[in-house]
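Structure data (TSV, C-alpha atoms) from work-v6.tsv:
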```tsv
chain	number	residue	atom	x	y	z
A	25	MET	CA	21.52	4.14	-4.06
A	26	ALA	CA	24.30	1.75	-3.04
A	27	LYS	CA	25.36	-1.06	-5.33
A	28	ASP	CA	22.36	-3.04	-6.53
A	29	GLU	CA	22.59	-6.40	-4.71
A	30	ILE	CA	20.23	-8.08	-7.15
A	31	GLU	CA	21.13	-6.34	-10.40
A	32	HIS	CA	21.29	-9.67	-12.24
A	33	ILE	CA	17.81	-10.60	-11.00
A	34	ARG	CA	16.33	-7.22	-11.93
A	35	ARG	CA	16.81	-8.34	-15.55
A	36	GLU	CA	15.24	-11.75	-14.91
A	37	ARG	CA	12.07	-12.14	-16.94
A	38	PRO	CA	8.97	-13.76	-15.40
A	39	THR	CA	8.76	-17.52	-15.35
A	40	ALA	CA	6.33	-19.17	-17.74
A	41	SER	CA	3.74	-19.60	-14.98
A	42	ALA	CA	4.12	-15.98	-13.81
A	43	ALA	CA	3.86	-14.70	-17.38
A	44	ALA	CA	0.74	-16.81	-17.97
A	45	LEU	CA	-0.85	-15.51	-14.77
A	46	ALA	CA	-0.07	-11.92	-15.74
A	47	ALA	CA	-1.50	-12.45	-19.21
A	48	GLN	CA	-4.65	-14.03	-17.75
A	49	ARG	CA	-5.12	-11.01	-15.49
A	50	GLY	CA	-4.31	-8.52	-18.26
A	51	LEU	CA	-1.34	-6.96	-16.45
A	52	GLY	CA	0.47	-5.87	-19.59
A	53	ALA	CA	4.19	-5.86	-20.28
A	54	TRP	CA	6.84	-6.88	-17.74
A	55	THR	CA	9.01	-4.02	-16.42
A	56	ASP	CA	11.07	-5.15	-13.41
A	57	THR	CA	11.87	-8.00	-11.02
A	58	PHE	CA	12.77	-7.92	-7.33
A	59	ALA	CA	14.11	-10.60	-4.99
A	60	THR	CA	15.43	-10.99	-1.45
A	61	LYS	CA	19.05	-11.20	-0.40
A	62	GLN	CA	20.62	-14.27	-1.97
A	63	GLY	CA	22.95	-15.55	0.77
A	64	PHE	CA	22.59	-18.88	2.57
A	65	GLY	CA	20.85	-17.20	5.48
A	66	TRP	CA	18.04	-16.24	3.12
A	67	LYS	CA	17.48	-19.74	1.78
A	68	LYS	CA	13.81	-19.72	2.81
A	69	TRP	CA	13.05	-16.62	0.74
A	70	ARG	CA	15.73	-16.27	-1.93
A	71	ASP	CA	13.71	-17.88	-4.73
A	72	TRP	CA	10.65	-15.72	-4.19
A	73	ARG	CA	10.09	-13.15	-6.94
A	74	LEU	CA	8.21	-9.89	-7.22
A	75	TYR	CA	7.41	-9.12	-10.86
A	76	PHE	CA	6.21	-5.72	-11.97
A	77	PHE	CA	4.10	-5.16	-15.08
A	78	THR	CA	2.61	-2.01	-16.57
A	79	GLY	CA	-0.81	-2.95	-15.24
A	80	GLY	CA	0.01	-4.59	-11.92
A	81	LEU	CA	2.31	-7.05	-10.19
A	82	ALA	CA	2.72	-10.74	-9.46
A	83	VAL	CA	4.40	-12.60	-6.61
A	84	THR	CA	5.68	-16.16	-6.88
A	85	ALA	CA	7.31	-18.63	-4.47
A	86	PRO	CA	9.14	-21.92	-5.11
A	87	ASP	CA	6.46	-23.90	-3.26
A	88	GLY	CA	3.96	-22.94	-5.97
A	89	TYR	CA	2.40	-19.95	-4.23
A	90	THR	CA	1.33	-17.26	-6.71
A	91	ALA	CA	-0.63	-14.04	-6.42
A	92	ALA	CA	-1.42	-11.29	-8.91
A	93	TYR	CA	-2.77	-7.79	-8.40
A	94	ASP	CA	-4.23	-5.25	-10.82
A	95	TRP	CA	-3.46	-1.58	-10.15
A	96	GLY	CA	-7.13	-0.82	-10.65
A	97	THR	CA	-8.45	-3.10	-7.89
A	98	VAL	CA	-5.66	-3.76	-5.37
A	99	ARG	CA	-5.67	-2.10	-1.94
A	100	VAL	CA	-2.34	-1.54	-0.23
A	101	LEU	CA	-1.35	-0.88	3.37
A	102	GLN	CA	2.07	0.72	3.77
A	103	TYR	CA	4.11	0.49	6.98
A	104	ARG	CA	7.43	2.22	7.61
A	105	ARG	CA	9.32	2.60	10.86
A	106	THR	CA	12.61	4.30	11.67
A	107	VAL	CA	14.87	3.90	14.69
A	108	ASN	CA	17.39	6.67	15.44
A	109	ASN	CA	16.54	8.26	12.07
A	110	ALA	CA	17.50	5.07	10.22
A	111	PRO	CA	15.05	2.80	8.34
A	112	SER	CA	14.08	-0.16	10.50
A	113	GLU	CA	10.99	-1.70	8.91
A	114	ALA	CA	9.37	-1.14	5.53
A	115	CYS	CA	6.67	-3.35	4.10
A	116	SER	CA	3.50	-3.31	2.04
A	117	THR	CA	0.40	-5.43	2.48
A	118	LEU	CA	-1.38	-6.22	-0.78
A	119	ILE	CA	-5.11	-6.96	-0.50
A	120	ASP	CA	-7.05	-8.44	-3.41
A	121	PRO	CA	-10.80	-7.85	-3.99
A	122	ALA	CA	-11.64	-11.03	-2.06
A	123	GLY	CA	-9.78	-9.79	1.02
A	124	ASN	CA	-6.73	-12.05	0.76
A	125	ALA	CA	-3.74	-10.13	2.17
A	126	LEU	CA	-0.07	-10.71	1.38
A	127	ASN	CA	2.57	-8.85	3.40
A	128	ILE	CA	5.95	-8.36	1.70
A	129	GLY	CA	9.07	-6.47	2.70
A	130	PHE	CA	10.78	-6.02	6.04
A	131	GLY	CA	8.54	-6.18	9.11
A	132	ARG	CA	4.81	-6.40	9.58
A	133	PRO	CA	2.25	-3.65	10.24
A	134	PRO	CA	1.08	-3.77	13.88
A	135	LEU	CA	-2.57	-4.22	13.03
A	136	PHE	CA	-5.25	-5.33	15.45
A	137	LYS	CA	-8.00	-7.69	14.36
A	138	SER	CA	-10.35	-4.70	14.19
A	139	ASP	CA	-7.95	-2.92	11.81
A	140	LYS	CA	-7.91	-5.91	9.48
A	141	THR	CA	-11.69	-6.16	9.63
A	142	ALA	CA	-11.99	-2.45	8.78
A	143	VAL	CA	-10.13	-2.97	5.50
A	144	GLY	CA	-11.89	-6.25	4.68
A	145	VAL	CA	-9.00	-8.67	5.24
A	146	THR	CA	-10.24	-12.27	5.22
A	147	SER	CA	-6.89	-14.11	5.15
A	148	TRP	CA	-3.27	-13.15	5.83
A	149	THR	CA	0.00	-14.46	4.36
A	150	ASN	CA	3.47	-13.30	5.35
A	151	GLY	CA	5.67	-13.28	2.26
A	152	ALA	CA	9.28	-12.55	1.44
A	153	ALA	CA	11.44	-9.62	2.56
A	154	PHE	CA	12.08	-8.25	-0.92
A	155	LEU	CA	14.97	-5.82	-1.15
A	156	TYR	CA	14.46	-2.07	-1.76
A	157	PRO	CA	10.97	-1.86	-0.21
A	158	HIS	CA	10.96	1.95	-0.39
A	159	VAL	CA	11.57	1.81	-4.15
A	160	TRP	CA	8.91	-0.70	-5.07
A	161	GLY	CA	6.60	0.45	-2.24
A	162	ASP	CA	6.49	4.01	-3.56
A	163	HIS	CA	6.00	2.70	-7.09
A	164	ILE	CA	2.99	0.65	-6.01
A	165	GLN	CA	1.37	3.66	-4.33
A	166	GLU	CA	1.96	5.83	-7.40
A	167	ARG	CA	0.55	3.27	-9.84
A	168	VAL	CA	-2.53	2.62	-7.69
A	169	THR	CA	-3.26	6.35	-7.51
A	170	HIS	CA	-2.75	6.74	-11.25
A	171	ALA	CA	-5.13	3.87	-11.97
A	172	GLN	CA	-7.84	4.61	-9.39
A	173	LEU	CA	-8.00	8.34	-8.63
A	174	SER	CA	-10.29	9.45	-11.49
A	175	SER	CA	-12.80	6.65	-10.96
A	176	THR	CA	-12.73	7.12	-7.19
A	177	ILE	CA	-13.51	10.83	-7.53
A	178	ALA	CA	-16.35	9.99	-9.90
A	179	ARG	CA	-17.82	7.38	-7.55
A	180	VAL	CA	-17.81	9.82	-4.63
A	181	GLN	CA	-19.35	12.62	-6.69
A	182	GLN	CA	-22.06	10.22	-7.86
A	183	GLY	CA	-23.08	9.60	-4.24
A	184	GLU	CA	-21.15	6.50	-3.16
A	185	SER	CA	-19.69	6.17	0.32
A	186	LEU	CA	-16.15	4.78	0.19
A	187	SER	CA	-14.25	3.21	3.07
A	188	PHE	CA	-10.57	3.86	3.70
A	189	GLY	CA	-10.01	1.86	6.86
A	190	PRO	CA	-10.86	4.18	9.78
A	191	TYR	CA	-12.37	6.82	7.48
A	192	THR	CA	-15.50	6.99	5.32
A	193	VAL	CA	-15.54	9.40	2.38
A	194	THR	CA	-18.73	10.83	0.83
A	195	ARG	CA	-19.35	13.74	-1.51
A	196	ASP	CA	-20.25	15.84	1.55
A	197	GLY	CA	-17.20	15.13	3.69
A	198	VAL	CA	-15.21	12.56	5.65
A	199	SER	CA	-15.96	10.83	8.94
A	200	ASP	CA	-14.74	8.23	11.42
A	201	LYS	CA	-16.73	6.41	14.12
A	202	LYS	CA	-17.06	9.56	16.26
A	203	TYR	CA	-16.67	12.71	14.18
A	204	SER	CA	-17.37	14.09	10.74
A	205	ILE	CA	-16.37	17.18	8.80
A	206	THR	CA	-17.49	18.67	5.49
A	207	TRP	CA	-14.99	19.28	2.72
A	208	PRO	CA	-15.18	23.10	2.95
A	209	GLU	CA	-14.34	22.87	6.68
A	210	ILE	CA	-11.03	21.14	6.04
A	211	SER	CA	-8.14	23.59	6.18
A	212	GLU	CA	-5.25	21.18	6.64
A	213	VAL	CA	-4.28	17.56	6.10
A	214	GLY	CA	-0.92	16.13	7.02
A	215	PHE	CA	1.22	13.66	8.92
A	216	THR	CA	2.90	13.78	12.30
A	217	LEU	CA	4.79	10.92	13.96
A	218	GLY	CA	3.36	8.44	11.46
A	219	ALA	CA	-0.25	9.52	11.95
A	220	PHE	CA	-2.59	11.23	9.49
A	221	MET	CA	-4.57	14.22	10.75
A	222	PHE	CA	-7.22	16.67	9.62
A	223	ASN	CA	-7.01	20.29	10.82
A	224	GLY	CA	-4.32	19.69	13.42
A	225	SER	CA	-5.35	19.04	17.02
A	226	GLN	CA	-8.71	17.43	17.66
A	227	ARG	CA	-9.26	19.97	20.47
A	228	ARG	CA	-9.63	22.71	17.91
A	229	SER	CA	-11.83	20.82	15.48
A	230	THR	CA	-14.68	18.38	15.05
A	231	ALA	CA	-12.67	16.66	12.34
A	232	PRO	CA	-12.17	12.89	12.48
A	233	GLU	CA	-9.45	11.79	14.87
A	234	SER	CA	-5.95	10.99	13.69
A	235	ALA	CA	-5.18	7.49	12.44
A	236	LYS	CA	-1.93	5.66	11.92
A	237	ALA	CA	-0.83	5.85	8.30
A	238	PHE	CA	-0.52	2.07	8.04
A	239	GLN	CA	-4.23	1.67	8.88
A	240	ILE	CA	-5.31	3.55	5.74
A	241	PRO	CA	-5.45	1.49	2.52
A	242	ASN	CA	-4.15	3.18	-0.62
A	243	LEU	CA	-2.74	6.01	1.46
A	244	ASP	CA	-1.52	8.18	-1.42
A	245	LEU	CA	-4.87	7.80	-3.19
A	246	PHE	CA	-6.73	8.78	0.00
A	247	VAL	CA	-4.64	11.91	0.55
A	248	ARG	CA	-5.00	13.03	-3.05
A	249	LEU	CA	-8.75	12.40	-2.93
A	250	CYS	CA	-9.09	14.56	0.20
A	251	ARG	CA	-7.07	17.35	-1.40
A	252	HIS	CA	-9.18	17.20	-4.55
A	253	LEU	CA	-12.49	17.39	-2.67
A	254	SER	CA	-11.45	20.07	-0.15
A	255	PRO	CA	-11.85	23.52	-1.78
A	256	ARG	CA	-9.59	25.20	0.79
A	257	LEU	CA	-6.60	22.95	0.12
```
Could you show the structure in this file as structure tokens?
Amino acid sequence: MAKDEIEHIRRERPTASAAALAAQRGLGAWTDTFATKQGFGWKKWRDWRLYFFTGGLAVTAPDGYTAAYDWGTVRVLQYRRTVNNAPSEACSTLIDPAGNALNIGFGRPPLFKSDKTAVGVTSWTNGAAFLYPHVWGDHIQERVTHAQLSSTIARVQQGESLSFGPYTVTRDGVSDKKYSITWPEISEVGFTLGAFMFNGSQRRSTAPESAKAFQIPNLDLFVRLCRHLSPRL
């Protein structure tokens, strides 16, 4: 990575209010801090902070806005776009159990109202463009999967139906609004041009249709769940 533009802020411990919020939510020990660019042109956002803890994260703004998320309950939409093979947009949308969504990073996922409804979004806030969105974005996905995968597998195996945006997962298989497929029928899962697909082309399968990656909450968790439940993968 190039020189860390916010190296001095990465060592900045949470404010008293952020630390109190993290303690109240049981987020554990502080591990890292992220900020936006600090030049004059970033005056609107430069005092926002993204604090990471062992059990979750907290976001604060100078106007008093605060939000905290537990790895075990947060849902995350991840959007990344490249132009001419160079990163153009990279952001994550954090959704709490009540449906309040906070978008942070560079850009905004091109979601329709129906997409937001499908993941239970009840309110939307556009937050700061924190630097290094690929670094902290990947970390969020990893921690969510680590915290939720075992319990998610158990819930499905006990008979629950779980929604992942356009897809519904049961112990028998996975479906969308038009198609369904059982776990033993799945021979392939993967991505092409930013879309997630089962078994390649829909013409050769009754598998659910492809969906844009940014429409699927907790994308890494969803992929790992599908791989765990599909005996042929």
Kindly assemble as a Markdown table a list of the region 113-154 of chain A residues that lie within 9 Å of region 53-59 of chain A, each paired with its nearest atom pair and their distance in Å to one decimal, using only C-alpha atoms, sorted first by chain and then by ascending residue number.
```
| residue | atom | partner | partner_atom | distance |
| --- | --- | --- | --- | --- |
| A:Ala152 | CA | A:Ala59 | CA | 8.3 |
| A:Ala153 | CA | A:Ala59 | CA | 8.1 |
| A:Phe154 | CA | A:Ala59 | CA | 5.1 |
```
Once you have the residues from the selection above, write them out as a CSV table (one decimal), in the frame of the given file, restricted to C-alpha atoms.
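Saved file result-v2.csv follows:
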```csv
chain,number,residue,atom,x,y,z
A,152,ALA,CA,9.3,-12.6,1.4
A,153,ALA,CA,11.4,-9.6,2.6
A,154,PHE,CA,12.1,-8.2,-0.9
```
| request: Tell me which protein, DNA and RNA residues are within 10 Å of Val213 (chain A), counting only C-alpha atoms, leaving out same-chain ones fewer than 3 positions away, and put them as a ChimeraX atom specification. | output: /A:210,220-224,247,250-251,254,257
Atoms kept (C-alpha atoms) for selection, written as an mmCIF file, keeping the file's coordinate frame:
```
data_model
loop_
_atom_site.group_PDB
_atom_site.id
_atom_site.type_symbol
_atom_site.label_atom_id
_atom_site.label_comp_id
_atom_site.auth_asym_id
_atom_site.auth_seq_id
_atom_site.Cartn_x
_atom_site.Cartn_y
_atom_site.Cartn_z
ATOM 1 C CA ILE A 210 -11.030 21.140 6.040
ATOM 2 C CA PHE A 220 -2.590 11.230 9.490
ATOM 3 C CA MET A 221 -4.570 14.220 10.750
ATOM 4 C CA PHE A 222 -7.220 16.670 9.620
ATOM 5 C CA ASN A 223 -7.010 20.290 10.820
ATOM 6 C CA GLY A 224 -4.320 19.690 13.420
ATOM 7 C CA VAL A 247 -4.640 11.910 0.550
ATOM 8 C CA CYS A 250 -9.090 14.560 0.200
ATOM 9 C CA ARG A 251 -7.070 17.350 -1.400
ATOM 10 C CA SER A 254 -11.450 20.070 -0.150
ATOM 11 C CA LEU A 257 -6.600 22.950 0.120
#
```
Once 6 Å is added on each side, what centre and edge lengths in Å to one decimal does the axis-aligned box around all listed atoms of region 95-105 of chain A have, as JSON?
```
{"center_x": 0.4, "center_y": -0.6, "center_z": 0.1, "size_x": 29.8, "size_y": 18.4, "size_z": 33.5}
```
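Between Arg256 (chain A) and the residues A:Pro134, A:Gly123, A:Pro232, A:Pro208, the shortest atom-to-atom distance, using only C-alpha atoms, involves A:Pro208.
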| Among listed residues A:Lys140, A:Gly214, A:Ala235, A:Ser174, nearest Asp200 (chain A) (using all atoms listed in the file) | A:Ala235
| What gap, in Å, lies between CA of Tyr93 (chain A) and CA of Gly80 (chain A)? | 5.5 Å
| Counting all atoms listed in the file, what is within 12 Å of Ser41 (chain A), bar same-chain residues fewer than 2 positions away, as a ChimeraX atom specification? | /A:37-39,43-48,75,82-86,88-92
Contacts of Gly183 (chain A) at 9 Å or less, counting only C-alpha atoms, minus same-chain residues fewer than 6 places along, as a short mmCIF file (atom, residue, chain, number, x, y, z; two decimals) with C-alpha atoms, in the coordinates of the input?
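Now in selection.cif:
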```
data_model
loop_
_atom_site.label_atom_id
_atom_site.label_comp_id
_atom_site.auth_asym_id
_atom_site.auth_seq_id
_atom_site.Cartn_x
_atom_site.Cartn_y
_atom_site.Cartn_z
CA THR A 194 -18.73 10.83 0.83
CA ARG A 195 -19.35 13.74 -1.51
CA ASP A 196 -20.25 15.84 1.55
#
```
